[in-house]
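Dumped data-v7.cif below, it's mmCIF, C-alpha atoms:
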```cif
data_work
loop_
_atom_site.group_PDB
_atom_site.id
_atom_site.type_symbol
_atom_site.label_atom_id
_atom_site.label_comp_id
_atom_site.auth_asym_id
_atom_site.auth_seq_id
_atom_site.Cartn_x
_atom_site.Cartn_y
_atom_site.Cartn_z
ATOM 1 C CA GLU A 11 -7.308 2.962 -27.911
ATOM 2 C CA ASP A 12 -11.029 3.331 -27.205
ATOM 3 C CA VAL A 13 -10.961 0.477 -24.665
ATOM 4 C CA ARG A 14 -8.049 2.084 -22.858
ATOM 5 C CA ARG A 15 -9.816 5.452 -22.713
ATOM 6 C CA LYS A 16 -13.063 3.903 -21.452
ATOM 7 C CA SER A 17 -11.183 1.863 -18.866
ATOM 8 C CA SER A 18 -9.362 4.935 -17.625
ATOM 9 C CA GLU A 19 -12.617 6.890 -17.415
ATOM 10 C CA ALA A 20 -14.303 4.050 -15.504
ATOM 11 C CA LEU A 21 -11.401 3.839 -13.053
ATOM 12 C CA GLN A 22 -11.540 7.582 -12.417
ATOM 13 C CA ARG A 23 -15.310 7.456 -11.929
ATOM 14 C CA TRP A 24 -15.097 4.570 -9.421
ATOM 15 C CA GLN A 25 -12.248 6.314 -7.663
ATOM 16 C CA LYS A 26 -14.433 9.381 -7.103
ATOM 17 C CA GLN A 27 -17.691 7.573 -6.345
ATOM 18 C CA ASP A 28 -16.510 4.816 -4.012
ATOM 19 C CA PRO A 29 -12.741 4.502 -3.587
ATOM 20 C CA GLY A 30 -13.144 2.096 -0.668
ATOM 21 C CA CYS A 31 -15.117 -0.345 -2.757
ATOM 22 C CA LEU A 32 -12.611 0.009 -5.604
ATOM 23 C CA ALA A 33 -9.676 -0.674 -3.260
ATOM 24 C CA THR A 34 -11.504 -3.682 -1.821
ATOM 25 C CA VAL A 35 -12.235 -5.114 -5.263
ATOM 26 C CA LEU A 36 -8.645 -4.604 -6.410
ATOM 27 C CA ALA A 37 -7.217 -6.194 -3.254
ATOM 28 C CA SER A 38 -9.599 -9.123 -3.767
ATOM 29 C CA ARG A 39 -8.323 -9.525 -7.328
ATOM 30 C CA VAL A 40 -4.737 -9.624 -6.096
ATOM 31 C CA THR A 41 -5.765 -12.373 -3.680
ATOM 32 C CA SER A 42 -8.110 -14.493 -5.763
ATOM 33 C CA SER A 43 -7.456 -14.211 -9.486
ATOM 34 C CA THR A 44 -5.837 -17.216 -11.144
ATOM 35 C CA ASP A 45 -4.204 -15.048 -13.815
ATOM 36 C CA VAL A 46 -0.806 -13.725 -12.664
ATOM 37 C CA GLU A 47 -0.996 -10.696 -14.965
ATOM 38 C CA VAL A 48 -4.440 -9.751 -13.640
ATOM 39 C CA ARG A 49 -3.140 -10.025 -10.075
ATOM 40 C CA ALA A 50 -0.100 -7.848 -10.846
ATOM 41 C CA LEU A 51 -2.215 -5.250 -12.658
ATOM 42 C CA ALA A 52 -4.708 -5.175 -9.782
ATOM 43 C CA ALA A 53 -1.827 -4.501 -7.363
ATOM 44 C CA VAL A 54 -0.506 -1.689 -9.572
ATOM 45 C CA LEU A 55 -3.968 -0.122 -9.738
ATOM 46 C CA LEU A 56 -4.419 -0.565 -5.985
ATOM 47 C CA ARG A 57 -1.263 1.443 -5.335
ATOM 48 C CA LYS A 58 -2.405 4.077 -7.802
ATOM 49 C CA VAL A 59 -5.789 4.415 -6.086
ATOM 50 C CA PHE A 60 -4.171 4.849 -2.656
ATOM 51 C CA ARG A 61 -1.738 7.439 -3.997
ATOM 52 C CA GLN A 62 -4.488 9.431 -5.699
ATOM 53 C CA VAL A 63 -7.169 9.428 -3.003
ATOM 54 C CA PRO A 64 -5.461 8.514 0.286
ATOM 55 C CA ASP A 65 -7.760 10.651 2.424
ATOM 56 C CA ALA A 66 -10.867 8.872 1.188
ATOM 57 C CA LEU A 67 -9.340 5.495 2.050
ATOM 58 C CA VAL A 68 -7.600 6.045 5.381
ATOM 59 C CA LEU A 69 -9.285 9.114 6.860
ATOM 60 C CA ALA A 70 -12.794 7.751 6.902
ATOM 61 C CA HIS A 71 -15.324 8.953 9.445
ATOM 62 C CA GLU A 72 -17.916 6.852 11.156
ATOM 63 C CA GLY A 73 -20.417 8.486 13.498
ATOM 64 C CA GLY A 74 -18.248 11.608 13.730
ATOM 65 C CA GLU A 75 -15.199 9.547 14.698
ATOM 66 C CA ARG A 76 -12.140 8.847 12.552
ATOM 67 C CA VAL A 77 -11.564 5.204 11.708
ATOM 68 C CA ARG A 78 -8.455 3.553 10.274
ATOM 69 C CA TRP A 79 -10.027 2.329 7.028
ATOM 70 C CA CYS A 80 -13.014 3.389 4.954
ATOM 71 C CA GLN A 81 -14.077 -0.274 4.686
ATOM 72 C CA GLU A 82 -14.044 -2.336 7.865
ATOM 73 C CA ASP A 83 -11.929 -5.242 6.598
ATOM 74 C CA LEU A 84 -9.773 -3.339 4.118
ATOM 75 C CA GLY A 85 -6.590 -3.607 6.220
ATOM 76 C CA LYS A 86 -7.048 -7.354 6.635
ATOM 77 C CA LEU A 87 -7.757 -7.769 2.924
ATOM 78 C CA LEU A 88 -4.635 -5.788 2.025
ATOM 79 C CA LEU A 89 -2.513 -8.082 4.198
ATOM 80 C CA GLU A 90 -4.138 -11.128 2.589
ATOM 81 C CA ALA A 91 -3.308 -9.689 -0.840
ATOM 82 C CA LEU A 92 0.333 -9.358 0.165
ATOM 83 C CA ALA A 93 0.446 -12.861 1.672
ATOM 84 C CA SER A 94 -1.138 -14.418 -1.411
ATOM 85 C CA SER A 95 1.423 -12.797 -3.694
ATOM 86 C CA VAL A 96 4.574 -14.175 -2.068
ATOM 87 C CA SER A 97 4.937 -17.179 -4.387
ATOM 88 C CA GLU A 98 4.706 -15.173 -7.635
ATOM 89 C CA SER A 99 7.603 -12.740 -8.054
ATOM 90 C CA MET A 100 5.758 -10.589 -10.603
ATOM 91 C CA VAL A 101 2.785 -10.147 -8.265
ATOM 92 C CA ARG A 102 4.910 -9.995 -5.112
ATOM 93 C CA ARG A 103 6.771 -6.876 -6.203
ATOM 94 C CA GLN A 104 3.603 -5.037 -7.193
ATOM 95 C CA ALA A 105 1.707 -6.067 -4.055
ATOM 96 C CA ALA A 106 4.663 -5.131 -1.844
ATOM 97 C CA ASP A 107 4.816 -1.705 -3.485
ATOM 98 C CA ALA A 108 1.080 -1.206 -2.963
ATOM 99 C CA LEU A 109 1.233 -2.221 0.706
ATOM 100 C CA ALA A 110 4.278 -0.044 1.317
ATOM 101 C CA THR A 111 2.382 2.918 -0.117
ATOM 102 C CA VAL A 112 -0.583 2.195 2.154
ATOM 103 C CA ALA A 113 1.687 1.779 5.197
ATOM 104 C CA SER A 114 3.509 4.992 4.351
ATOM 105 C CA ILE A 115 0.203 6.853 4.316
ATOM 106 C CA GLN A 116 -0.791 5.368 7.678
ATOM 107 C CA PHE A 117 2.626 6.052 9.243
ATOM 108 C CA GLY A 118 2.665 9.551 7.753
ATOM 109 C CA LEU A 119 -0.560 10.247 9.616
ATOM 110 C CA GLY A 120 1.073 9.116 12.837
ATOM 111 C CA ARG A 121 -0.856 5.847 12.954
ATOM 112 C CA ALA A 122 0.471 2.423 13.736
ATOM 113 C CA TRP A 123 -0.485 -0.640 11.721
ATOM 114 C CA PRO A 124 0.453 -3.432 14.147
ATOM 115 C CA ASP A 125 -0.799 -6.319 11.995
ATOM 116 C CA PHE A 126 1.368 -5.140 9.102
ATOM 117 C CA THR A 127 4.460 -4.723 11.278
ATOM 118 C CA LEU A 128 3.935 -8.125 12.928
ATOM 119 C CA LEU A 129 3.544 -9.793 9.532
ATOM 120 C CA LEU A 130 6.834 -8.310 8.325
ATOM 121 C CA ALA A 131 8.618 -9.315 11.522
ATOM 122 C CA ARG A 132 7.260 -12.881 11.328
ATOM 123 C CA TRP A 133 8.288 -13.216 7.685
ATOM 124 C CA CYS A 134 11.889 -12.322 8.517
ATOM 125 C CA GLY A 135 12.324 -15.849 9.882
ATOM 126 C CA GLU A 136 10.517 -17.547 7.019
ATOM 127 C CA GLU A 137 11.551 -18.756 3.564
ATOM 128 C CA ASP A 138 13.371 -16.701 0.942
ATOM 129 C CA ALA A 139 10.179 -15.514 -0.781
ATOM 130 C CA GLU A 140 8.794 -14.052 2.445
ATOM 131 C CA ARG A 141 12.098 -12.355 3.289
ATOM 132 C CA ALA A 142 12.270 -10.989 -0.255
ATOM 133 C CA THR A 143 8.778 -9.559 0.225
ATOM 134 C CA VAL A 144 9.801 -7.895 3.496
ATOM 135 C CA LEU A 145 12.856 -6.335 1.868
ATOM 136 C CA GLN A 146 10.767 -5.134 -1.080
ATOM 137 C CA VAL A 147 8.235 -3.512 1.273
ATOM 138 C CA LEU A 148 10.976 -1.867 3.329
ATOM 139 C CA GLU A 149 12.766 -0.603 0.243
ATOM 140 C CA MET A 150 9.544 0.954 -1.001
ATOM 141 C CA LEU A 151 8.796 2.427 2.441
ATOM 142 C CA ARG A 152 12.235 4.027 2.401
ATOM 143 C CA ASP A 153 11.581 5.437 -1.064
ATOM 144 C CA GLU A 154 8.174 6.746 0.036
ATOM 145 C CA ALA A 155 9.754 8.344 3.117
ATOM 146 C CA ASP A 156 12.496 9.955 1.034
ATOM 147 C CA GLU A 157 9.947 11.242 -1.479
ATOM 148 C CA SER A 158 7.803 12.724 1.287
ATOM 149 C CA SER A 159 10.842 14.325 2.889
ATOM 150 C CA GLU A 160 11.895 15.861 -0.410
ATOM 151 C CA LYS A 161 8.416 17.287 -0.975
ATOM 152 C CA ALA A 162 8.371 18.714 2.541
ATOM 153 C CA ALA A 163 11.805 20.253 2.065
ATOM 154 C CA GLU A 164 10.712 21.827 -1.222
ATOM 155 C CA ALA A 165 7.685 23.353 0.451
ATOM 156 C CA LEU A 166 9.811 24.408 3.466
ATOM 157 C CA GLU A 167 6.836 23.562 5.595
ATOM 158 C CA PRO A 168 5.953 19.925 6.164
ATOM 159 C CA GLY A 169 2.282 19.144 5.783
ATOM 160 C CA PRO A 170 0.265 16.848 8.002
ATOM 161 C CA GLY A 171 0.746 13.923 5.631
ATOM 162 C CA SER A 172 4.505 14.181 5.202
ATOM 163 C CA LEU A 173 6.915 11.851 6.920
ATOM 164 C CA GLY A 174 9.106 13.792 9.285
ATOM 165 C CA GLY A 175 12.618 12.926 10.312
ATOM 166 C CA SER A 176 11.493 10.747 13.215
ATOM 167 C CA ARG A 177 9.332 8.547 10.994
ATOM 168 C CA ARG A 178 12.080 8.278 8.425
ATOM 169 C CA THR A 179 14.477 7.310 11.226
ATOM 170 C CA TRP A 180 11.967 4.711 12.403
ATOM 171 C CA LEU A 181 11.815 3.208 8.910
ATOM 172 C CA TYR A 182 15.589 2.990 8.674
ATOM 173 C CA ALA A 183 15.776 1.448 12.163
ATOM 174 C CA LEU A 184 13.116 -1.108 11.235
ATOM 175 C CA LEU A 185 15.001 -1.964 8.044
ATOM 176 C CA ALA A 186 18.222 -2.509 10.008
ATOM 177 C CA PHE A 187 16.418 -4.641 12.592
ATOM 178 C CA LEU A 188 14.730 -6.817 9.988
ATOM 179 C CA GLN A 189 17.921 -7.297 7.983
ATOM 180 C CA ASP A 190 19.617 -8.743 11.092
#
```
Have the structure of the file written as structure tokens, please.
Amino acid sequence: EDVRRKSSEALQRWQKQDPGCLATVLASRVTSSTDVEVRALAAVLLRKVFRQVPDALVLAHEGGERVRWCQEDLGKLLLEALASSVSESMVRRQAADALATVASIQFGLGRAWPDFTLLLARWCGEEDAERATVLQVLEMLRDEADESSEKAAEALEPGPGSLGGSRRTWLYALLAFLQD
């Protein structure tokens, strides 16, 4: 009980102090740990960090200019985390969910993530594990889009981070294209 409390407090502290570093460390764990459970837990925590502090991770500023990621190689590292998880179903699902959450945030801000989209498209012609990963990501993107739409409808005024109808339509179109 005490370990759990201390761990939770440490996670919250790191999240506030340096969420970019925390996201980078978690993505690295998904990629490099030899323990499947550690990799899956790191992916779960990665998704949680992005859901709790998305602005700090994707709305970074550098020299007065907005940049895509708070850490220069974070996008690349996230894609590596997803690619490294394909062979382990337990890790694959968690990593796919984390990446879908990140992509949903980027798309919700009206940003493209070409490397992510190209990876999904390339994997559609690959082995079953890669296709399963693509479908998992797309399913989660759809769920994220639906959740954002529901929140916007409840508020009767969509916020800047909510996925509008056109983005939701894009996600459904992408899903249909990739399933073919």
Original post:
A:Ala139, A:Ala91, A:Met100, A:Ala110: which is nearest A:Val35, counting all atoms listed in the file?
Top reply: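 Selected residue with least distance to A:Val35: A:Ala91.
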Where is the centre and how long are the edges: axis-aligned box on stretch 34-44 of chain A, 4 Å on each side, Å to one decimal, as lines of an AutoDock Vina configuration file:
```
center_x = -8.5
center_y = -10.4
center_z = -6.5
size_x = 15.5
size_y = 21.5
size_z = 17.3
```
Spell out the residues picked by the PyMOL selection byres ((chain A and resi 55-63) around 6) here, as an mmCIF file with C-alpha atoms, in the coordinates of the input.
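Dumped everything to out.cif:
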```cif
data_model
loop_
_atom_site.group_PDB
_atom_site.id
_atom_site.type_symbol
_atom_site.label_atom_id
_atom_site.label_comp_id
_atom_site.auth_asym_id
_atom_site.auth_seq_id
_atom_site.Cartn_x
_atom_site.Cartn_y
_atom_site.Cartn_z
ATOM 1 C CA ALA A 33 -9.676 -0.674 -3.260
ATOM 2 C CA LEU A 36 -8.645 -4.604 -6.410
ATOM 3 C CA ALA A 52 -4.708 -5.175 -9.782
ATOM 4 C CA ALA A 53 -1.827 -4.501 -7.363
ATOM 5 C CA VAL A 54 -0.506 -1.689 -9.572
ATOM 6 C CA PRO A 64 -5.461 8.514 0.286
ATOM 7 C CA ASP A 65 -7.760 10.651 2.424
ATOM 8 C CA ALA A 66 -10.867 8.872 1.188
ATOM 9 C CA ALA A 108 1.080 -1.206 -2.963
#
```
**OP:** Would you kindly return, as number ranges by chain, each protein, DNA or RNA residue with an atom no farther than 12 Å from any atom of A:Lys86, considering all atoms listed in the file and excluding same-chain residues fewer than 2 positions away?
**Re:** A: 34, 37-38, 41, 78-79, 81-84, 88-93, 109, 123-126, 129
**OP:** Please indicate the distance in Å from atom CA of A:Pro29 to atom CA of A:Leu67, rounded to one decimal place.
**Re:**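 Result for atom CA of A:Pro29 versus atom CA of A:Leu67: 6.7 Å, one decimal.
For the residues A:Glu11, A:Val101, A:Leu51, A:Leu130, ranking by smallest atom-to-atom distance to A:Leu145 using all atoms listed in the file places A:Leu130 first.
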Original post:
Taking the file as shown, what set of residues would the PyMOL selection byres ((chain A and resi 149) around 10) give back, as an MDAnalysis selection string?
Top reply: chainID A and resid 106:107 110 143:148 150:155 181:182 185
Subject >> atom CA of A:Phe117 to atom CA of A:Asp156, straight-line distance in Å >> reply: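 Distance reported for this atom pair: 13.4 Å.
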Subject >> d(atom CA of A:Val40, atom CA of A:Ala105) in Å >> reply: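 Between these atoms lies a distance of 7.6 Å.
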Complete the atoms of stretch 85-108 of chain A to N, CA and C atoms and put them out as a JSON list (two decimals), in the coordinates of the input.
```json
[["chain", "number", "residue", "atom", "x", "y", "z"],
["A", 85, "GLY", "N", -7.95, -3.32, 5.75],
["A", 85, "GLY", "CA", -6.59, -3.61, 6.22],
["A", 85, "GLY", "C", -6.28, -5.09, 6.18],
["A", 86, "LYS", "N", -7.22, -5.90, 6.65],
["A", 86, "LYS", "CA", -7.05, -7.35, 6.64],
["A", 86, "LYS", "C", -6.94, -7.86, 5.20],
["A", 87, "LEU", "N", -7.77, -7.35, 4.33],
["A", 87, "LEU", "CA", -7.76, -7.77, 2.92],
["A", 87, "LEU", "C", -6.45, -7.37, 2.25],
["A", 88, "LEU", "N", -5.92, -6.21, 2.59],
["A", 88, "LEU", "CA", -4.64, -5.79, 2.02],
["A", 88, "LEU", "C", -3.52, -6.73, 2.46],
["A", 89, "LEU", "N", -3.52, -7.14, 3.72],
["A", 89, "LEU", "CA", -2.51, -8.08, 4.20],
["A", 89, "LEU", "C", -2.66, -9.44, 3.53],
["A", 90, "GLU", "N", -3.90, -9.87, 3.30],
["A", 90, "GLU", "CA", -4.14, -11.13, 2.59],
["A", 90, "GLU", "C", -3.62, -11.04, 1.15],
["A", 91, "ALA", "N", -3.80, -9.88, 0.53],
["A", 91, "ALA", "CA", -3.31, -9.69, -0.84],
["A", 91, "ALA", "C", -1.79, -9.83, -0.87],
["A", 92, "LEU", "N", -1.12, -9.25, 0.10],
["A", 92, "LEU", "CA", 0.33, -9.36, 0.16],
["A", 92, "LEU", "C", 0.75, -10.81, 0.40],
["A", 93, "ALA", "N", 0.10, -11.47, 1.35],
["A", 93, "ALA", "CA", 0.45, -12.86, 1.67],
["A", 93, "ALA", "C", 0.22, -13.79, 0.48],
["A", 94, "SER", "N", -0.83, -13.54, -0.27],
["A", 94, "SER", "CA", -1.14, -14.42, -1.41],
["A", 94, "SER", "C", -0.18, -14.21, -2.58],
["A", 95, "SER", "N", 0.56, -13.12, -2.56],
["A", 95, "SER", "CA", 1.42, -12.80, -3.69],
["A", 95, "SER", "C", 2.85, -13.29, -3.52],
["A", 96, "VAL", "N", 3.19, -13.81, -2.38],
["A", 96, "VAL", "CA", 4.57, -14.18, -2.07],
["A", 96, "VAL", "C", 5.16, -15.16, -3.07],
["A", 97, "SER", "N", 4.39, -16.12, -3.53],
["A", 97, "SER", "CA", 4.94, -17.18, -4.39],
["A", 97, "SER", "C", 5.14, -16.76, -5.84],
["A", 98, "GLU", "N", 4.57, -15.65, -6.25],
["A", 98, "GLU", "CA", 4.71, -15.17, -7.64],
["A", 98, "GLU", "C", 5.50, -13.87, -7.65],
["A", 99, "SER", "N", 6.73, -13.92, -8.12],
["A", 99, "SER", "CA", 7.60, -12.74, -8.05],
["A", 99, "SER", "C", 7.01, -11.52, -8.75],
["A", 100, "MET", "N", 6.34, -11.73, -9.87],
["A", 100, "MET", "CA", 5.76, -10.59, -10.60],
["A", 100, "MET", "C", 4.66, -9.91, -9.77],
["A", 101, "VAL", "N", 3.86, -10.68, -9.10],
["A", 101, "VAL", "CA", 2.78, -10.15, -8.26],
["A", 101, "VAL", "C", 3.35, -9.64, -6.95],
["A", 102, "ARG", "N", 4.32, -10.35, -6.41],
["A", 102, "ARG", "CA", 4.91, -9.99, -5.11],
["A", 102, "ARG", "C", 5.45, -8.57, -5.12],
["A", 103, "ARG", "N", 6.18, -8.22, -6.14],
["A", 103, "ARG", "CA", 6.77, -6.88, -6.20],
["A", 103, "ARG", "C", 5.68, -5.80, -6.25],
["A", 104, "GLN", "N", 4.67, -6.03, -7.06],
["A", 104, "GLN", "CA", 3.60, -5.04, -7.19],
["A", 104, "GLN", "C", 2.78, -4.93, -5.91],
["A", 105, "ALA", "N", 2.48, -6.07, -5.30],
["A", 105, "ALA", "CA", 1.71, -6.07, -4.06],
["A", 105, "ALA", "C", 2.52, -5.43, -2.93],
["A", 106, "ALA", "N", 3.80, -5.73, -2.87],
["A", 106, "ALA", "CA", 4.66, -5.13, -1.84],
["A", 106, "ALA", "C", 4.71, -3.62, -2.00],
["A", 107, "ASP", "N", 4.82, -3.15, -3.23],
["A", 107, "ASP", "CA", 4.82, -1.70, -3.48],
["A", 107, "ASP", "C", 3.50, -1.07, -3.05],
["A", 108, "ALA", "N", 2.39, -1.73, -3.35],
["A", 108, "ALA", "CA", 1.08, -1.21, -2.96],
["A", 108, "ALA", "C", 0.95, -1.13, -1.44]]
```
